[in-house]
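J.: Let me give you the structure first, and then I'll get to my questions.
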Amino acid sequence: MRSSTFSVLLSAACSVSAVSERDYATAKLAHSEPHYPSPWMNPRAVGWEQAYEKARAFVSQLTLTEKVNLTTGIGWESGQCVGETGSVPRLGLRRLCMQDSPLGIRFGDFSSAFTSGQTVAASFDRGLMYRRGKAMGQEHKGKGVNVVLGPVAGPLGRAPEGGRNWEGFSPDPYLTGVGIAETIKGIQDAGVVACAKHFILNEQERFRQVGESKDRGYNISETLSSNIDDKTLHETYLWPFVDAVRAGVGAVMCSYQQINNSYACQNSKALNGILKGELGFQGFVMSDWQAQHAGVASAVAGLDMSMPGDTQFNTGLSFWGTNLTVAVLNGTVPEYRIDDMAMRIMAAFFKVGQTVEGLEPINLDSWTSDTYGYLHAAVKDGWQQVNWHVDVQADHGSLIREIAGKSTVLLKNNGVLPLKKPKFLAVVGEDAGPNPLGPNGCADRNCNKGTLAMAWGSGTASFPYLITPLEALNQQAVEDHTRIETVLDNYATDTITSLVKQDGATALVFVNADSGEGFIAIDGNEGDRTNLTLWNNGDALIKTVSSICNNTIVVIHSVGPTLVTDWYDSPNVTAILWAGLPGQESGRAIVDVLYGRVNPAARTPFTWAAKRKDYGADLLYQPNNGNAAPQQDFTEGNFIDYRALDKAKVKPIFEFGFGLSYTSFQYSKLKIEKTNAGPYKPTTGKTAEAPTFGKISKRLTDYAFPKSVRYIREFIYPWFNTTSSLKAASADPEYGRTAAQFLPPKALDSKPQKLQPSAPGPRDEPGGNRQLFDELYIVTAQITNTGHVVGDEVPQLYVSLGGPDDPPVVLRGFDRLRIDPGQTATFRAPLTRRDLSNWDTASQNWVVTDHPKTVHVGPSSRNLPLKAKLR
């Protein structure tokens, strides 16, 4: 079998990775092969059958303009939500509401500010991940939201400086896969559609958009291209999206950047070939905001919904809307494709239990916190009530506190924790206290003032309140009759010195490091971090305090690892904790850990390296291809984070999966049981022919702008301003080119298509060949609490796949077990065929190689006392 073009891209990427900027113009750039046609839904896909039937009944009643309305956003700030589709009033369907974010409700009021995905990942607790997702889903549903724009698996976290890594879970694909799947299940069990994003390889913020880049002086004409080989794509970056599809996710958002020099939202290989073909994804693909770059080309390449609908914000122009209506009528977009787009959207809608009748009204507004405002804010039209201030918080504050506490990683402890009624606390660092502008005083959290409980960008939410560490420490001090004094200015060296040099002082130093989305820059950090140091003089602050006070406890709130090399091993730094981005209950959660009400068991979801270069991969900070698309070559392959350090035999400061406890544990009795799973068989057969639903009128007068509809400026509509001809209706100077003249072969093909060998069969669950998920082995081990207090332990299962190009170990299982002192618990983890497989670029399938494979079990990626060969 001919190998995929994706499989030869690494050689292309490697060949250009060393060339100079001027050479890129003549070098052979990475290329993404076309894959057509766009797969249509499978009515027998397991878990989607009822949703399909409900969608078919609904879509069969729709006119063409009603179908187009479902697929096209109404324009930026044209409705109450950050994105809304058109409505189908004839059948009673209101506009569908898309709303950020992956940690709460962006622009919401009386709603909760949850921990970040990266923070809950540190809990290594599937139950907490699910409960967080469900609580967020419940709050979104209570505000009338139909689609939650989250959770996140892209960025995965290729480089620690990546600005939005904190929105996701971990640079380890297995941990991220568990995190995204459990979150999706929770969100959708609450009755709203989850949208897994950003598909795929969206690993940095710089150069993600041309306009954003030009505003900062970067003269580029196209966005960044993430260049990757087929093997790395499958084994690392696609892995968590497989778990998202397996979890039944209803929507996937395609990303801003290009993939091998083809825009992600019209990359037919990624959307048609991999997501919908190889994984059998049955939901809909939504564009990121302004990530659509073409009309017909994106439709046939697999895009199903354009968000927010306009080509650029507030232009009133759209690649779809009227243009999509024209494209279907002139045959450049086939009827089955618009039907499939509408089917996928409505199937996802019905799958989570939403109904056309009795749908919760949209009761929030993204553009004002006032009760009354303009329904169409961009053009100041339609003054009415837009906010109902519905309280959706329930008791989620308690859950957020629990998650934040159980996700705090104890990195160092010289026996000083937990605190027991300390006599004198000296609290130092602005990160301990409040933002002087208030917790929501900086729009989209676009400043770093006070304690860092959330990073910046569209992936944020409004705080209903924020308990700072200082506030919670003061309350504890009152109860304990502890003297407590504070300096919240990181640069007040003399005052800090005077405080911490006093006899008997226990110094608590709070520091942070921030990042976020690329439309915001803080202190030169254009979304991505420019370095891995602490912010606001944090490292110098720690060194100042620890040079004077012999009991210095450091608490880090950050978006990922920082370089602690210069101070972590000082004997005066007696404890270090990473508290991530804990959300609204930040203060109470860290006090719970500091004082032992929560026995820490969290594990760091990334590596803390001694040097920045140890991580291997880095970001692209300057254009390297003239004014053409910057080229980011993923030449490191699968070797990111701990895999990079393991390959290079570099010792980290704190390894992936590391975390201490107030008790101790012993591992023993590793046992491996082989199951009777059958052999792996590639999927064969074909799909059915592409179906169509309902009839489409060919009479142009049926598409005239209705006299009964009041025209709103900048609002995106599906109708024509003139019905004299399709050319006149399109107003496109290049109108008249046939599909054969500008679309790749098979783009319009409706015949039955051959199923890919790694794809699900006609009656299988989406996510891939069903035998990939057969359990081949069951691994067990005994974990004993050898300490004196009850505690949780997080045993981790790693596998050595054995090949010369494989990482030394990869995570393939974990659990969080609560164990009483002196008691023993059993750790159990299955190993599936997928867990033991590599992607074979020649056969375009997963294979278990003949290389010897070893199982390792232990409390972190570098502490694996138990191991055994698989036989």
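Convention: chains lettered A, B, ... in structure tokens order; per-chain residue numbering from 1; ligands numbered from 1 as shown.
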Tell me, as a list in words, which residues lie within 8 Å of Ser318 (chain A), counting only C-alpha atoms; anything in the same chain fewer than 4 positions away does not count.

T.: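 Here the answer would be Gly309, Asp310, Thr311, Thr322, Asn323 and Ile716 of chain A.
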
J.: Do you know which residues are at most 9 Å from Leu149 (chain A) counting only C-alpha atoms, after dropping those on the same chain fewer than 4 positions away, and could you put them as a list in words?

T.: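 Counting only the stated atoms, we get Met98, Gln99, Asp100, Ser101, Pro102, Val193, Ala194, Cys195, Ala196, Lys197, Ala251, Met253 and Gly459 of chain A.
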
J.: With all heavy atoms kept, could you save the residues just selected as an mmCIF file, in the first residue's frame?

T.:
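Now in part.cif:
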```cif
data_model
loop_
_atom_site.group_PDB
_atom_site.id
_atom_site.type_symbol
_atom_site.label_atom_id
_atom_site.label_comp_id
_atom_site.auth_asym_id
_atom_site.auth_seq_id
_atom_site.Cartn_x
_atom_site.Cartn_y
_atom_site.Cartn_z
ATOM 1 N N MET A 98 -23.100 29.418 21.180
ATOM 2 C CA MET A 98 -21.758 28.894 21.444
ATOM 3 C C MET A 98 -21.080 29.849 22.431
ATOM 4 O O MET A 98 -21.048 31.058 22.194
ATOM 5 C CB MET A 98 -20.907 28.857 20.171
ATOM 6 C CG MET A 98 -21.635 28.487 18.906
ATOM 7 S SD MET A 98 -22.112 26.771 18.814
ATOM 8 C CE MET A 98 -23.634 26.923 17.873
ATOM 9 N N GLN A 99 -20.528 29.317 23.516
ATOM 10 C CA GLN A 99 -19.948 30.202 24.523
ATOM 11 C C GLN A 99 -18.689 29.599 25.115
ATOM 12 O O GLN A 99 -18.638 28.414 25.440
ATOM 13 C CB GLN A 99 -20.972 30.473 25.638
ATOM 14 C CG GLN A 99 -20.623 31.630 26.554
ATOM 15 C CD GLN A 99 -20.815 32.996 25.886
ATOM 16 O OE1 GLN A 99 -21.372 33.085 24.793
ATOM 17 N NE2 GLN A 99 -20.370 34.051 26.532
ATOM 18 N N ASP A 100 -17.651 30.455 25.248
ATOM 19 C CA ASP A 100 -16.490 30.061 26.027
ATOM 20 C C ASP A 100 -16.922 29.922 27.497
ATOM 21 O O ASP A 100 -17.932 30.506 27.907
ATOM 22 C CB ASP A 100 -15.422 31.161 25.937
ATOM 23 C CG ASP A 100 -14.901 31.377 24.514
ATOM 24 O OD1 ASP A 100 -14.423 30.408 23.914
ATOM 25 O OD2 ASP A 100 -15.000 32.510 24.020
ATOM 26 N N SER A 101 -16.150 29.191 28.338
ATOM 27 C CA SER A 101 -14.795 28.782 28.078
ATOM 28 C C SER A 101 -14.567 27.413 28.699
ATOM 29 O O SER A 101 -15.463 26.860 29.339
ATOM 30 C CB SER A 101 -13.830 29.798 28.716
ATOM 31 O OG SER A 101 -13.753 29.615 30.114
ATOM 32 N N PRO A 102 -13.341 26.891 28.545
ATOM 33 C CA PRO A 102 -13.043 25.584 29.134
ATOM 34 C C PRO A 102 -12.870 25.581 30.648
ATOM 35 O O PRO A 102 -12.563 24.538 31.224
ATOM 36 C CB PRO A 102 -11.742 25.177 28.430
ATOM 37 C CG PRO A 102 -11.142 26.449 27.962
ATOM 38 C CD PRO A 102 -12.270 27.376 27.671
ATOM 39 N N VAL A 193 -23.605 20.466 24.496
ATOM 40 C CA VAL A 193 -22.614 19.882 23.595
ATOM 41 C C VAL A 193 -21.230 20.388 23.980
ATOM 42 O O VAL A 193 -21.027 21.593 24.177
ATOM 43 C CB VAL A 193 -22.921 20.248 22.132
ATOM 44 C CG1 VAL A 193 -21.842 19.704 21.199
ATOM 45 C CG2 VAL A 193 -24.298 19.729 21.724
ATOM 46 N N ALA A 194 -20.270 19.483 24.093
ATOM 47 C CA ALA A 194 -18.874 19.862 24.299
ATOM 48 C C ALA A 194 -18.202 20.019 22.943
ATOM 49 O O ALA A 194 -18.526 19.315 21.982
ATOM 50 C CB ALA A 194 -18.150 18.809 25.128
ATOM 51 N N CYS A 195 -17.261 20.952 22.865
ATOM 52 C CA CYS A 195 -16.514 21.189 21.633
ATOM 53 C C CYS A 195 -15.026 21.013 21.921
ATOM 54 O O CYS A 195 -14.399 21.876 22.545
ATOM 55 C CB CYS A 195 -16.787 22.591 21.092
ATOM 56 S SG CYS A 195 -15.888 22.986 19.579
ATOM 57 N N ALA A 196 -14.450 19.894 21.505
ATOM 58 C CA ALA A 196 -13.026 19.632 21.712
ATOM 59 C C ALA A 196 -12.220 20.526 20.770
ATOM 60 O O ALA A 196 -12.511 20.613 19.576
ATOM 61 C CB ALA A 196 -12.718 18.163 21.452
ATOM 62 N N LYS A 197 -11.217 21.190 21.314
ATOM 63 C CA LYS A 197 -10.449 22.129 20.493
ATOM 64 C C LYS A 197 -8.974 22.093 20.924
ATOM 65 O O LYS A 197 -8.660 21.501 21.967
ATOM 66 C CB LYS A 197 -11.032 23.536 20.624
ATOM 67 C CG LYS A 197 -10.982 24.129 22.049
ATOM 68 C CD LYS A 197 -11.624 25.503 22.078
ATOM 69 C CE LYS A 197 -11.379 26.186 23.413
ATOM 70 N NZ LYS A 197 -12.008 27.517 23.483
ATOM 71 N N ALA A 251 -18.837 18.150 19.067
ATOM 72 C CA ALA A 251 -18.243 19.144 18.173
ATOM 73 C C ALA A 251 -16.733 19.148 18.342
ATOM 74 O O ALA A 251 -16.213 18.861 19.425
ATOM 75 C CB ALA A 251 -18.808 20.536 18.449
ATOM 76 N N MET A 253 -13.463 21.840 17.216
ATOM 77 C CA MET A 253 -13.095 23.135 16.643
ATOM 78 C C MET A 253 -11.746 23.024 15.946
ATOM 79 O O MET A 253 -10.761 22.592 16.556
ATOM 80 C CB MET A 253 -13.014 24.206 17.728
ATOM 81 C CG MET A 253 -12.683 25.599 17.193
ATOM 82 S SD MET A 253 -12.427 26.809 18.515
ATOM 83 C CE MET A 253 -14.083 26.940 19.166
ATOM 84 N N GLY A 459 -10.287 31.932 27.041
ATOM 85 C CA GLY A 459 -10.519 30.744 27.862
ATOM 86 C C GLY A 459 -10.704 31.057 29.328
ATOM 87 O O GLY A 459 -10.355 30.254 30.189
#
```

J.: What's the separation between CA of Trp719 (chain A) and CA of Thr65 (chain A), in Å to one decimal place?

T.: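 Separating CA of Trp719 (chain A) from CA of Thr65 (chain A) is a distance of 6.8 Å.
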
J.: Could you name the residues that touch region 543-560 of chain A at 7 Å or less, counting only C-alpha atoms, but leaving out those on the same chain fewer than 4 positions away, as a list of chain:residue names?

T.: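 Residues meeting the cut-off are A:Pro160, A:Trp166, A:Leu452, A:Thr497, A:Val500, A:Lys501, A:Thr506, A:Ala507, A:Leu508, A:Val509, A:Phe510, A:Val511, A:Asn512, A:Ala513, A:Asp514, A:Ser515, A:Asp539, A:Trp567, A:Asn572, A:Val573, A:Thr574, A:Ala575, A:Ile576, A:Leu577, A:Trp578, A:Ala579, A:Gly580, A:Leu581.
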
J.: Could you list, as a list in words, every residue within 8 Å of Gly405 (chain A), counting only C-alpha atoms and ignoring same-chain residues fewer than 6 positions away?

T.: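 My reading of the contact set: Ala589, Ile590, Asp592, Val593, Val598 and Pro600 of chain A.
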
J.: Mind writing the picked residues with N, CA, C and O atoms as an mmCIF file, in the first residue's frame?

T.:
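Written out: part10.cif:
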```cif
data_model
loop_
_atom_site.group_PDB
_atom_site.id
_atom_site.type_symbol
_atom_site.label_atom_id
_atom_site.label_comp_id
_atom_site.auth_asym_id
_atom_site.auth_seq_id
_atom_site.Cartn_x
_atom_site.Cartn_y
_atom_site.Cartn_z
ATOM 1 N N ALA A 589 -8.119 26.695 49.288
ATOM 2 C CA ALA A 589 -7.538 25.429 48.826
ATOM 3 C C ALA A 589 -6.078 25.300 49.244
ATOM 4 O O ALA A 589 -5.650 24.244 49.716
ATOM 5 N N ILE A 590 -5.288 26.379 49.100
ATOM 6 C CA ILE A 590 -3.876 26.257 49.460
ATOM 7 C C ILE A 590 -3.711 26.152 50.968
ATOM 8 O O ILE A 590 -2.820 25.440 51.462
ATOM 9 N N ASP A 592 -5.837 24.659 52.914
ATOM 10 C CA ASP A 592 -6.184 23.264 53.217
ATOM 11 C C ASP A 592 -4.969 22.362 53.120
ATOM 12 O O ASP A 592 -4.772 21.451 53.943
ATOM 13 N N VAL A 593 -4.125 22.594 52.124
ATOM 14 C CA VAL A 593 -2.931 21.765 51.935
ATOM 15 C C VAL A 593 -1.843 22.148 52.930
ATOM 16 O O VAL A 593 -1.221 21.274 53.550
ATOM 17 N N VAL A 598 -5.975 18.719 53.717
ATOM 18 C CA VAL A 598 -5.841 17.903 52.508
ATOM 19 C C VAL A 598 -4.422 17.366 52.491
ATOM 20 O O VAL A 598 -3.458 18.139 52.512
ATOM 21 N N PRO A 600 -1.598 16.132 50.455
ATOM 22 C CA PRO A 600 -1.324 16.243 49.015
ATOM 23 C C PRO A 600 -0.999 14.891 48.386
ATOM 24 O O PRO A 600 -0.311 14.056 48.979
#
```

J.: Any idea what's packed within 9 Å of Pro718 (chain A), counting only C-alpha atoms, ignoring anything in its chain fewer than 6 positions away? Could you give it as an NGL selection string?

T.: :A and (64-66 or 68-69 or 72 or 86 or 320-325 or 703 or 705)

J.: Write the residues of the preceding selection, restricted to C-alpha atoms, as a CSV table (one decimal), in the first residue's frame.

T.:
```csv
chain,number,residue,atom,x,y,z
A,64,LEU,CA,-31.9,25.1,1.8
A,65,THR,CA,-31.7,28.5,3.5
A,66,GLU,CA,-32.7,26.9,6.8
A,68,VAL,CA,-27.4,27.2,5.6
A,69,ASN,CA,-28.7,29.1,8.6
A,72,THR,CA,-23.4,29.9,9.4
A,86,GLY,CA,-29.0,31.4,12.4
A,320,TRP,CA,-20.9,31.1,3.7
A,321,GLY,CA,-24.4,32.5,4.3
A,322,THR,CA,-25.6,33.7,0.9
A,323,ASN,CA,-22.4,32.3,-0.7
A,324,LEU,CA,-23.1,28.8,0.6
A,325,THR,CA,-26.7,29.0,-0.7
A,703,TYR,CA,-34.2,32.8,-2.2
A,705,PHE,CA,-34.6,38.3,1.0
```

J.: Rounded to one decimal in Å, what is the spacing between CA of His35 (chain A) and CA of Leu275 (chain A)?

T.: 11.4 Å

J.: Would you mind writing down, as number ranges by chain, each residue of region 437-581 of chain A that DSSP on the backbone assigns to strand (DSSP E)?

T.: A: 483-487, 506-513, 552-558, 573-578

J.: Using only C-alpha atoms for the distances, tell me which of A:Ala455, A:Met129, A:Met136, A:Leu870 is nearest to Glu517 (chain A).

T.: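 Nearest candidate to Glu517 (chain A) out of A:Ala455, A:Met129, A:Met136, A:Leu870: A:Ala455.
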
J.: Could you check which of A:Gly47, A:Val857, A:Pro173, A:Gly191 is closest to Val352 (chain A), using only C-alpha atoms?

T.: A:Gly191

J.: Nearest to Phe114 (chain A) among A:Thr232, A:Ser462, A:Ser664, A:Ser268, with distances taken over only C-alpha atoms: which residue is it?

T.: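 Ranking A:Thr232, A:Ser462, A:Ser664, A:Ser268 by distance to Phe114 (chain A), first place goes to A:Ser462.
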
J.: Find, counting only C-alpha atoms, the residue in A:Ser170, A:Thr849, A:Thr841, A:Gln61 that gets nearest to Lys231 (chain A).

T.: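 Comparing A:Ser170, A:Thr849, A:Thr841, A:Gln61 against Lys231 (chain A), the winner is A:Thr841.
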
J.: Given only C-alpha atoms as the basis, pick out the residue of A:His481, A:Lys674, A:Arg337, A:Arg95 nearest to Phe693 (chain A).

T.: A:Arg337
